[in-house]
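Text of the file final-v4.txt, holding compact mmCIF, C-alpha atoms and all ligand atoms:
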```txt
# COMPACT_ATOMS: atom_id res chain seq x y z
CA MET D 1 5.71 -13.84 -10.63
CA THR D 2 5.25 -11.27 -7.85
CA ALA D 3 4.87 -7.49 -7.82
CA PRO D 4 7.27 -6.55 -5.02
CA GLU D 5 6.58 -2.83 -5.60
CA PHE D 6 3.27 -3.41 -3.78
CA GLY D 7 4.58 -5.57 -0.94
CA GLY D 8 4.86 -4.99 2.80
CA GLU D 9 3.70 -1.68 4.22
CA VAL D 10 2.85 -0.29 0.78
CA SER D 11 -0.09 -2.71 0.63
CA GLU D 12 -1.33 -1.39 4.00
CA TYR D 13 -1.13 2.23 2.82
CA TYR D 14 -2.84 1.20 -0.42
CA GLN D 15 -5.79 -0.38 1.36
CA ARG D 16 -6.16 2.46 3.83
CA TYR D 17 -5.66 5.51 1.62
CA ARG D 18 -6.49 4.70 -2.02
CA ARG D 19 -9.90 5.81 -3.13
CA GLY D 20 -12.57 3.30 -3.89
CA TYR D 21 -14.71 3.64 -7.01
CA PRO D 22 -18.11 5.37 -7.04
CA PRO D 23 -21.19 3.22 -7.84
CA ALA D 24 -21.41 5.03 -11.22
CA VAL D 25 -18.39 2.97 -12.35
CA ALA D 26 -20.27 -0.25 -11.66
CA ASP D 27 -23.29 1.27 -13.48
CA VAL D 28 -21.15 1.87 -16.60
CA LEU D 29 -19.75 -1.67 -16.50
CA THR D 30 -23.18 -3.20 -15.86
CA THR D 31 -24.64 -1.38 -18.86
CA SER D 32 -21.65 -1.86 -21.18
CA PHE D 33 -21.46 -5.63 -20.64
CA ALA D 34 -25.14 -6.27 -19.71
CA LEU D 35 -24.00 -7.77 -16.40
CA THR D 36 -26.45 -9.96 -14.48
CA GLY D 37 -26.46 -12.02 -11.31
CA GLU D 38 -25.47 -15.05 -13.41
CA ASP D 39 -22.19 -13.52 -14.54
CA VAL D 40 -18.59 -14.06 -13.47
CA VAL D 41 -16.10 -11.17 -13.74
CA LEU D 42 -12.30 -11.30 -13.47
CA ASP D 43 -10.77 -8.23 -11.78
CA LEU D 44 -7.15 -8.53 -12.91
CA GLY D 45 -4.57 -6.56 -10.90
CA CYS D 46 -7.25 -6.28 -8.21
CA GLY D 47 -4.74 -5.04 -5.61
CA THR D 48 -6.55 -4.50 -2.31
CA GLY D 49 -9.93 -4.96 -4.01
CA GLN D 50 -11.22 -1.40 -4.52
CA LEU D 51 -13.03 -2.26 -7.78
CA THR D 52 -13.69 -5.90 -6.82
CA ARG D 53 -15.90 -4.77 -3.92
CA VAL D 54 -17.93 -2.41 -6.13
CA LEU D 55 -18.51 -5.15 -8.71
CA ALA D 56 -19.44 -7.97 -6.31
CA PRO D 57 -23.08 -6.93 -5.68
CA ARG D 58 -23.73 -6.59 -9.44
CA VAL D 59 -22.78 -10.12 -10.56
CA GLY D 60 -22.84 -13.74 -9.51
CA ALA D 61 -19.14 -13.95 -8.70
CA VAL D 62 -15.92 -11.94 -8.98
CA LEU D 63 -12.43 -13.40 -9.22
CA GLY D 64 -9.90 -10.92 -7.86
CA MET D 65 -6.47 -11.80 -9.25
CA ASP D 66 -3.12 -10.20 -8.40
CA PRO D 67 0.52 -11.34 -8.31
CA GLU D 68 1.30 -9.64 -4.97
CA PRO D 69 0.33 -11.77 -1.93
CA ALA D 70 0.39 -8.76 0.43
CA MET D 71 -2.18 -6.92 -1.71
CA LEU D 72 -4.42 -10.00 -1.82
CA ALA D 73 -4.14 -10.42 1.96
CA GLN D 74 -5.32 -6.82 2.44
CA ALA D 75 -8.11 -7.36 -0.09
CA ARG D 76 -9.36 -10.45 1.68
CA THR D 77 -9.44 -8.69 5.07
CA ALA D 78 -11.24 -5.64 3.68
CA THR D 79 -13.90 -7.53 1.71
CA SER D 80 -16.97 -9.13 3.24
CA ALA D 81 -18.78 -9.99 -0.01
CA PRO D 82 -19.39 -13.76 -0.05
CA ASN D 83 -19.11 -14.09 -3.84
CA VAL D 84 -15.45 -13.02 -4.27
CA SER D 85 -12.52 -15.44 -4.70
CA TRP D 86 -8.92 -14.28 -4.57
CA LEU D 87 -6.35 -15.73 -6.97
CA LEU D 88 -2.59 -15.27 -6.98
CA GLY D 89 -1.60 -14.58 -10.59
CA ALA D 90 -0.57 -12.07 -13.22
CA ASP D 91 -1.81 -11.04 -16.66
CA THR D 92 0.38 -13.76 -18.16
CA ASP D 93 -1.61 -16.39 -16.22
CA ILE D 94 -5.10 -15.70 -17.55
CA GLU D 95 -5.10 -18.50 -20.14
CA ALA D 96 -4.73 -20.90 -17.21
CA LEU D 97 -8.23 -19.84 -16.14
CA THR D 98 -9.86 -21.36 -19.24
CA PRO D 99 -10.07 -24.91 -17.87
CA VAL D 100 -11.31 -23.50 -14.53
CA VAL D 101 -14.08 -21.11 -15.65
CA GLY D 102 -14.61 -22.54 -19.14
CA PRO D 103 -14.21 -20.78 -22.51
CA GLY D 104 -16.65 -17.90 -23.07
CA ARG D 105 -17.69 -17.93 -19.40
CA LEU D 106 -16.46 -14.53 -18.18
CA ALA D 107 -18.69 -11.48 -18.63
CA ALA D 108 -15.81 -9.05 -18.16
CA VAL D 109 -12.13 -8.71 -17.46
CA THR D 110 -11.59 -5.46 -15.55
CA VAL D 111 -8.14 -3.92 -15.15
CA ALA D 112 -8.25 -0.96 -12.78
CA GLN D 113 -5.23 1.29 -12.36
CA ALA D 114 -3.00 -1.64 -13.28
CA LEU D 115 -2.69 -1.98 -17.06
CA HIS D 116 0.62 -0.08 -17.11
CA TRP D 117 2.12 -3.11 -15.30
CA MET D 118 0.91 -5.54 -17.95
CA ASP D 119 1.54 -6.48 -21.58
CA HIS D 120 -1.77 -5.13 -22.93
CA GLU D 121 -0.95 -6.08 -26.55
CA ARG D 122 -0.89 -9.70 -25.45
CA LEU D 123 -3.63 -9.48 -22.81
CA PHE D 124 -6.46 -8.08 -24.95
CA PRO D 125 -6.45 -10.90 -27.56
CA ALA D 126 -5.85 -13.51 -24.84
CA ALA D 127 -8.90 -12.33 -22.88
CA ARG D 128 -11.26 -12.73 -25.87
CA SER D 129 -11.58 -16.50 -25.66
CA LEU D 130 -12.57 -16.25 -22.00
CA LEU D 131 -15.37 -13.74 -22.67
CA ARG D 132 -19.00 -14.43 -23.44
CA PRO D 133 -20.62 -12.54 -26.37
CA GLY D 134 -21.48 -9.00 -25.27
CA GLY D 135 -18.90 -9.19 -22.51
CA GLY D 136 -15.62 -7.31 -22.66
CA VAL D 137 -12.51 -5.77 -21.24
CA ALA D 138 -12.63 -2.61 -19.12
CA VAL D 139 -9.58 -0.45 -18.48
CA VAL D 140 -10.28 1.83 -15.52
CA THR D 141 -8.14 4.62 -14.09
CA ASN D 142 -8.90 6.27 -10.77
CA GLY D 143 -8.00 9.94 -11.18
CA GLU D 144 -4.63 11.55 -11.84
CA PRO D 145 -1.72 10.85 -9.45
CA LEU D 146 -1.83 13.30 -6.51
CA TRP D 147 1.45 14.94 -7.57
CA LEU D 148 0.52 15.42 -11.24
CA GLN D 149 -2.69 17.40 -10.96
CA ASP D 150 -3.29 20.87 -12.29
CA THR D 151 -3.55 22.64 -8.92
CA GLY D 152 -1.21 24.71 -6.76
CA TRP D 153 -1.09 22.14 -3.95
CA SER D 154 -0.30 19.33 -6.40
CA SER D 155 2.61 21.34 -7.92
CA ALA D 156 3.96 22.00 -4.42
CA LEU D 157 3.67 18.28 -3.63
CA ARG D 158 5.45 17.38 -6.89
CA GLU D 159 8.34 19.70 -6.04
CA LEU D 160 8.67 18.31 -2.50
CA LEU D 161 8.56 14.68 -3.68
CA SER D 162 11.03 15.28 -6.52
CA SER D 163 13.47 16.73 -4.02
CA PHE D 164 12.83 13.90 -1.50
CA LEU D 165 13.29 11.14 -4.12
CA GLY D 166 16.03 12.97 -6.04
CA THR D 167 14.30 12.56 -9.40
CA PRO D 168 11.63 14.40 -11.41
CA LEU D 169 8.17 12.81 -11.23
CA HIS D 170 6.24 12.18 -14.42
CA ARG D 171 4.86 8.63 -14.27
CA THR D 172 1.15 8.91 -15.10
CA CYS D 173 0.09 5.29 -14.41
CA GLY D 174 -1.82 5.16 -17.69
CA THR D 175 -4.07 8.16 -17.00
CA ASP D 176 -2.60 10.41 -19.73
CA PRO D 177 -4.25 10.85 -23.17
CA VAL D 178 -1.37 9.12 -25.02
CA SER D 179 -1.71 5.94 -22.92
CA GLN D 180 -5.50 6.03 -23.19
CA THR D 181 -5.29 6.26 -27.00
CA ARG D 182 -2.74 3.45 -27.08
CA TYR D 183 -5.03 1.20 -25.02
CA ALA D 184 -8.09 2.09 -27.15
CA ASP D 185 -6.17 1.35 -30.37
CA ALA D 186 -4.95 -1.99 -28.99
CA LEU D 187 -8.51 -2.96 -27.97
CA ALA D 188 -9.78 -2.10 -31.47
CA ALA D 189 -6.89 -4.02 -33.08
CA ALA D 190 -7.86 -7.07 -30.99
CA GLY D 191 -11.40 -6.86 -32.43
CA TYR D 192 -13.28 -5.14 -29.59
CA VAL D 193 -15.85 -2.35 -30.05
CA VAL D 194 -14.37 0.52 -28.07
CA ASP D 195 -16.14 3.16 -25.97
CA SER D 196 -15.04 5.43 -23.14
CA GLN D 197 -16.69 7.35 -20.34
CA VAL D 198 -15.47 9.65 -17.62
CA ILE D 199 -17.05 9.86 -14.17
CA SER D 200 -16.04 13.05 -12.42
CA TYR D 201 -16.53 14.19 -8.85
CA ASP D 202 -15.05 16.65 -6.40
CA ALA D 203 -13.57 15.46 -3.10
CA ALA D 204 -11.85 16.99 -0.08
CA LEU D 205 -8.43 15.70 1.00
CA THR D 206 -6.54 15.87 4.28
CA VAL D 207 -2.74 16.07 4.49
CA GLU D 208 -2.77 12.60 6.10
CA GLU D 209 -4.70 11.22 3.11
CA ILE D 210 -2.25 12.82 0.69
CA VAL D 211 0.77 11.42 2.54
CA GLY D 212 -0.90 7.99 2.78
CA GLY D 213 -1.67 8.12 -0.94
CA VAL D 214 1.94 9.05 -1.70
CA PHE D 215 3.28 6.19 0.47
CA SER D 216 0.88 3.79 -1.30
CA ALA D 217 2.53 4.71 -4.61
CA MET D 218 6.13 4.33 -3.42
CA ASN D 219 8.31 1.29 -3.80
CA PRO D 220 8.81 -0.16 -0.26
CA SER D 221 12.51 0.78 -0.51
CA GLN D 222 11.55 4.46 -1.01
CA LEU D 223 9.37 4.79 2.09
CA PRO D 224 10.84 7.04 4.78
CA ALA D 225 11.86 5.12 7.92
CA ALA D 226 8.89 4.70 10.29
CA ASP D 227 10.27 7.21 12.81
CA GLU D 228 10.82 9.79 10.05
CA ARG D 229 7.25 9.68 8.72
CA PRO D 230 5.75 12.20 11.19
CA ALA D 231 8.42 14.75 10.11
CA PHE D 232 7.72 13.94 6.46
CA THR D 233 4.00 14.56 7.06
CA GLU D 234 4.80 17.92 8.64
CA ARG D 235 6.95 18.89 5.63
CA VAL D 236 4.01 18.12 3.36
CA ARG D 237 1.62 20.03 5.63
CA GLU D 238 3.89 23.07 5.54
CA ALA D 239 4.40 22.93 1.76
CA LEU D 240 0.64 22.66 1.12
CA SER D 241 -0.51 25.18 3.77
CA PRO D 242 -0.62 28.19 1.38
CA PHE D 243 -3.28 26.46 -0.71
CA GLY D 244 -6.13 26.45 1.80
CA PRO D 245 -8.69 23.64 1.89
CA LEU D 246 -7.35 20.79 -0.24
CA ARG D 247 -9.70 19.48 -2.90
CA GLU D 248 -9.34 17.12 -5.84
CA GLN D 249 -11.36 16.79 -9.02
CA VAL D 250 -11.32 13.01 -9.44
CA ARG D 251 -11.81 11.81 -13.01
CA VAL D 252 -12.40 8.08 -13.24
CA ARG D 253 -11.87 6.92 -16.82
CA VAL D 254 -13.60 3.77 -18.00
CA LEU D 255 -12.43 2.50 -21.38
CA THR D 256 -14.47 -0.49 -22.55
CA GLY D 257 -13.88 -2.98 -25.32
CA THR D 258 -16.93 -5.12 -26.03
CA ARG D 259 -16.59 -8.49 -27.70
C1 LIG S 301 -2.02 0.41 -8.54
S1 LIG S 301 -2.58 -1.19 -8.05
C2 LIG S 301 -4.29 -1.23 -8.56
C3 LIG S 301 -5.17 -1.91 -7.58
C4 LIG S 301 -6.69 -1.83 -7.83
N1 LIG S 301 -7.06 -2.51 -9.05
C5 LIG S 301 -7.18 -0.41 -7.88
O1 LIG S 301 -7.91 -0.06 -8.82
O2 LIG S 301 -6.91 0.37 -6.96
C6 LIG S 301 -1.78 -2.17 -9.30
C7 LIG S 301 -1.89 -3.65 -9.00
O3 LIG S 301 -1.42 -4.36 -10.16
C8 LIG S 301 -0.74 -5.52 -9.71
N2 LIG S 301 0.12 -6.00 -10.79
C9 LIG S 301 1.41 -5.65 -11.06
N3 LIG S 301 1.86 -6.34 -12.13
C10 LIG S 301 0.82 -7.12 -12.54
C11 LIG S 301 0.66 -8.06 -13.59
N4 LIG S 301 1.66 -8.32 -14.45
N5 LIG S 301 -0.52 -8.71 -13.71
C12 LIG S 301 -1.54 -8.45 -12.86
N6 LIG S 301 -1.46 -7.54 -11.85
C13 LIG S 301 -0.29 -6.90 -11.70
C14 LIG S 301 0.00 -5.06 -8.47
O4 LIG S 301 0.38 -6.14 -7.62
C15 LIG S 301 -1.03 -4.12 -7.84
O5 LIG S 301 -1.80 -4.79 -6.88
```
What does the file become when written as structure tokens?
Amino acid sequence: MTAPEFGGEVSEYYQRYRRGYPPAVADVLTTSFALTGEDVVLDLGCGTGQLTRVLAPRVGAVLGMDPEPAMLAQARTATSAPNVSWLLGADTDIEALTPVVGPGRLAAVTVAQALHWMDHERLFPAARSLLRPGGGVAVVTNGEPLWLQDTGWSSALRELLSSFLGTPLHRTCGTDPVSQTRYADALAAAGYVVDSQVISYDAALTVEEIVGGVFSAMNPSQLPAADERPAFTERVREALSPFGPLREQVRVRVLTGTR
């Protein structure tokens, strides 16, 4: 299986423009699953490694797993931690890890900004046999999509992108309350003790970062041609210029299910 939506140039935009995670996210995971330097964590749907890199200093080893080779290639280049291994695979492949890591050997399976691509009803029970007691599953989301936020500049961006793509934009990537409740209910149904925390911070954004973030969320077939991208950036700059300095309230949601 591959995830062609994240192939080619999209993986480059993803690595360059997607936010990393603040250390407070690793603090929450360390406390929730009592992580130590002896532990091994699987970061499933690791993409270009934003969460993998934050976890690496907290544990003995991290396995970053993703079905898209281009994302893994970016992750490998961007990561210097010596205790990370990169695996090509999807959520449907995690049982195959049992003979490799051993049953009950993982301290956590983290899924950051990626669960909406997976079959969570199947994944949560399947992960249990890989987890040590006190370990668990963490579902992390990294703020609302740039075009779905409750600000003037985000509304203007939404309008511009809807017109560019010829379709209304409403995909929330699992950040909305309905998805969060669905994931929490599925964790509880699979026998996990569920908790959730939100880490919130304010950050400035440039137009280039917004355009890069938008390109990182497009299917490669939707990207404007390379020679049209400067004009696209100027359209965004013009549409967002009435809104002054661009800022984002980033809410990182960490939903944990402890075994
Ligand atoms: C939006 S990125 C998230 C990357 C990173 N975890 C982060 O927090 O920024 C979603 C990732 O999920 C991967 N993905 C898509 N389908 C998947 C599946 N069935 N199993 C595992 N990962 C999958 C994609 O290749 C992509 O790298």
Between CA of Glu208 (chain D) and CA of Gly244 (chain D), what is the spacing in Å?
-> 14.9 Å
Could you please determine the separation between CA of Tyr17 (chain D) and CA of Pro69 (chain D) in Å, to one decimal place?
->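 That distance, rounded to one decimal, is 18.6 Å.
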Contact residues around Val109 (chain D) with all atoms listed in the file at 12 Å, ignoring same-chain residues under 4 positions, as number ranges by chain | D: 29, 33, 35, 39-46, 51-52, 55, 62-65, 91, 94, 97, 104-105, 115, 123-132, 135-140, 255-259
Shell of 10 Å around ligand LIG 301 (chain S) (only C-alpha atoms and all ligand atoms), written as a ChimeraX atom specification = /D:1-7,11,14-15,18-21,43-52,64-72,75,88-94,110-120,123,139-142,173,216-217
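Among the candidates D:Gly8, D:Gly143, D:Gly134, D:Pro82, the one nearest to Ile199 (chain D) when counting all atoms listed in the file is D:Gly143.
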In Å, with one decimal, what is the gap from CA of Leu157 (chain D) to CA of Val25 (chain D)?
->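 These atoms are spaced 28.2 Å apart.
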Residues around (-12.6, 15.3, -6.0), cut-off 6 Å, counting all atoms listed in the file - what are they as a list in words?
-> Tyr201, Asp202, Ala203, Arg247, Glu248, Gln249 and Val250 of chain D
Once you have the residues from the selection above, write them out as a short mmCIF file (atom, residue, chain, number, x, y, z; two decimals), in the frame of the given file, restricted to C-alpha atoms.
```cif
data_model
loop_
_atom_site.label_atom_id
_atom_site.label_comp_id
_atom_site.auth_asym_id
_atom_site.auth_seq_id
_atom_site.Cartn_x
_atom_site.Cartn_y
_atom_site.Cartn_z
CA TYR D 201 -16.53 14.19 -8.85
CA ASP D 202 -15.05 16.65 -6.40
CA ALA D 203 -13.57 15.46 -3.10
CA ARG D 247 -9.70 19.48 -2.90
CA GLU D 248 -9.34 17.12 -5.84
CA GLN D 249 -11.36 16.79 -9.02
CA VAL D 250 -11.32 13.01 -9.44
#
```
Polymer residues at most 7 Å from Ala156 (chain D), all atoms listed in the file, same-chain spacing of 3 or more positions, as a list in words = Gly152, Trp153, Glu159, Leu160, Ala239 and Leu240 of chain D
Residues at most 8 Å from Val207 (chain D), counting only C-alpha atoms, excluding those fewer than 6 positions away in the same chain, as a short mmCIF file (atom, residue, chain, number, x, y, z; two decimals) with C-alpha atoms, keeping the file's coordinate frame?
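Output contents, as saved in result-v9.cif:
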```cif
data_model
loop_
_atom_site.label_atom_id
_atom_site.label_comp_id
_atom_site.auth_asym_id
_atom_site.auth_seq_id
_atom_site.Cartn_x
_atom_site.Cartn_y
_atom_site.Cartn_z
CA THR D 233 4.00 14.56 7.06
CA VAL D 236 4.01 18.12 3.36
CA ARG D 237 1.62 20.03 5.63
#
```
Polymer residues at most 9 Å from Pro57 (chain D), all atoms listed in the file, same-chain spacing of 5 or more positions, as a ChimeraX atom specification | /D:37,81,83
In terms of the shortest atom-to-atom distance over all atoms listed in the file, which of D:Leu223, D:Leu165, D:Ala61, D:Val28 is closest to Val252 (chain D)?
->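 Closest candidate: D:Val28.
Between Pro22 (chain D) and the candidates D:Thr77, D:Ser200, D:Thr98, D:Ser241, the tightest atom-to-atom separation, counting all atoms listed in the file, involves D:Ser200.
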With only C-alpha atoms as the basis for distance, which of D:Leu246, D:Leu187, D:Ala56, D:Ala231 is at the shortest distance from Thr151 (chain D)?
-> D:Leu246
Box for region 12-24 of chain D - axis-aligned, 4 Å on each of the six sides, all listed atoms - centre and size in Å to one decimal, as lines of an AutoDock Vina configuration file.
```
center_x = -11.3
center_y = 2.2
center_z = -3.6
size_x = 28.3
size_y = 15.2
size_z = 23.2
```
Identify which of the residues D:Pro145, D:Gly212, D:Pro103, D:Pro230 lies closest to His170 (chain D), counting only C-alpha atoms when measuring atom-to-atom distances.
-> D:Pro145
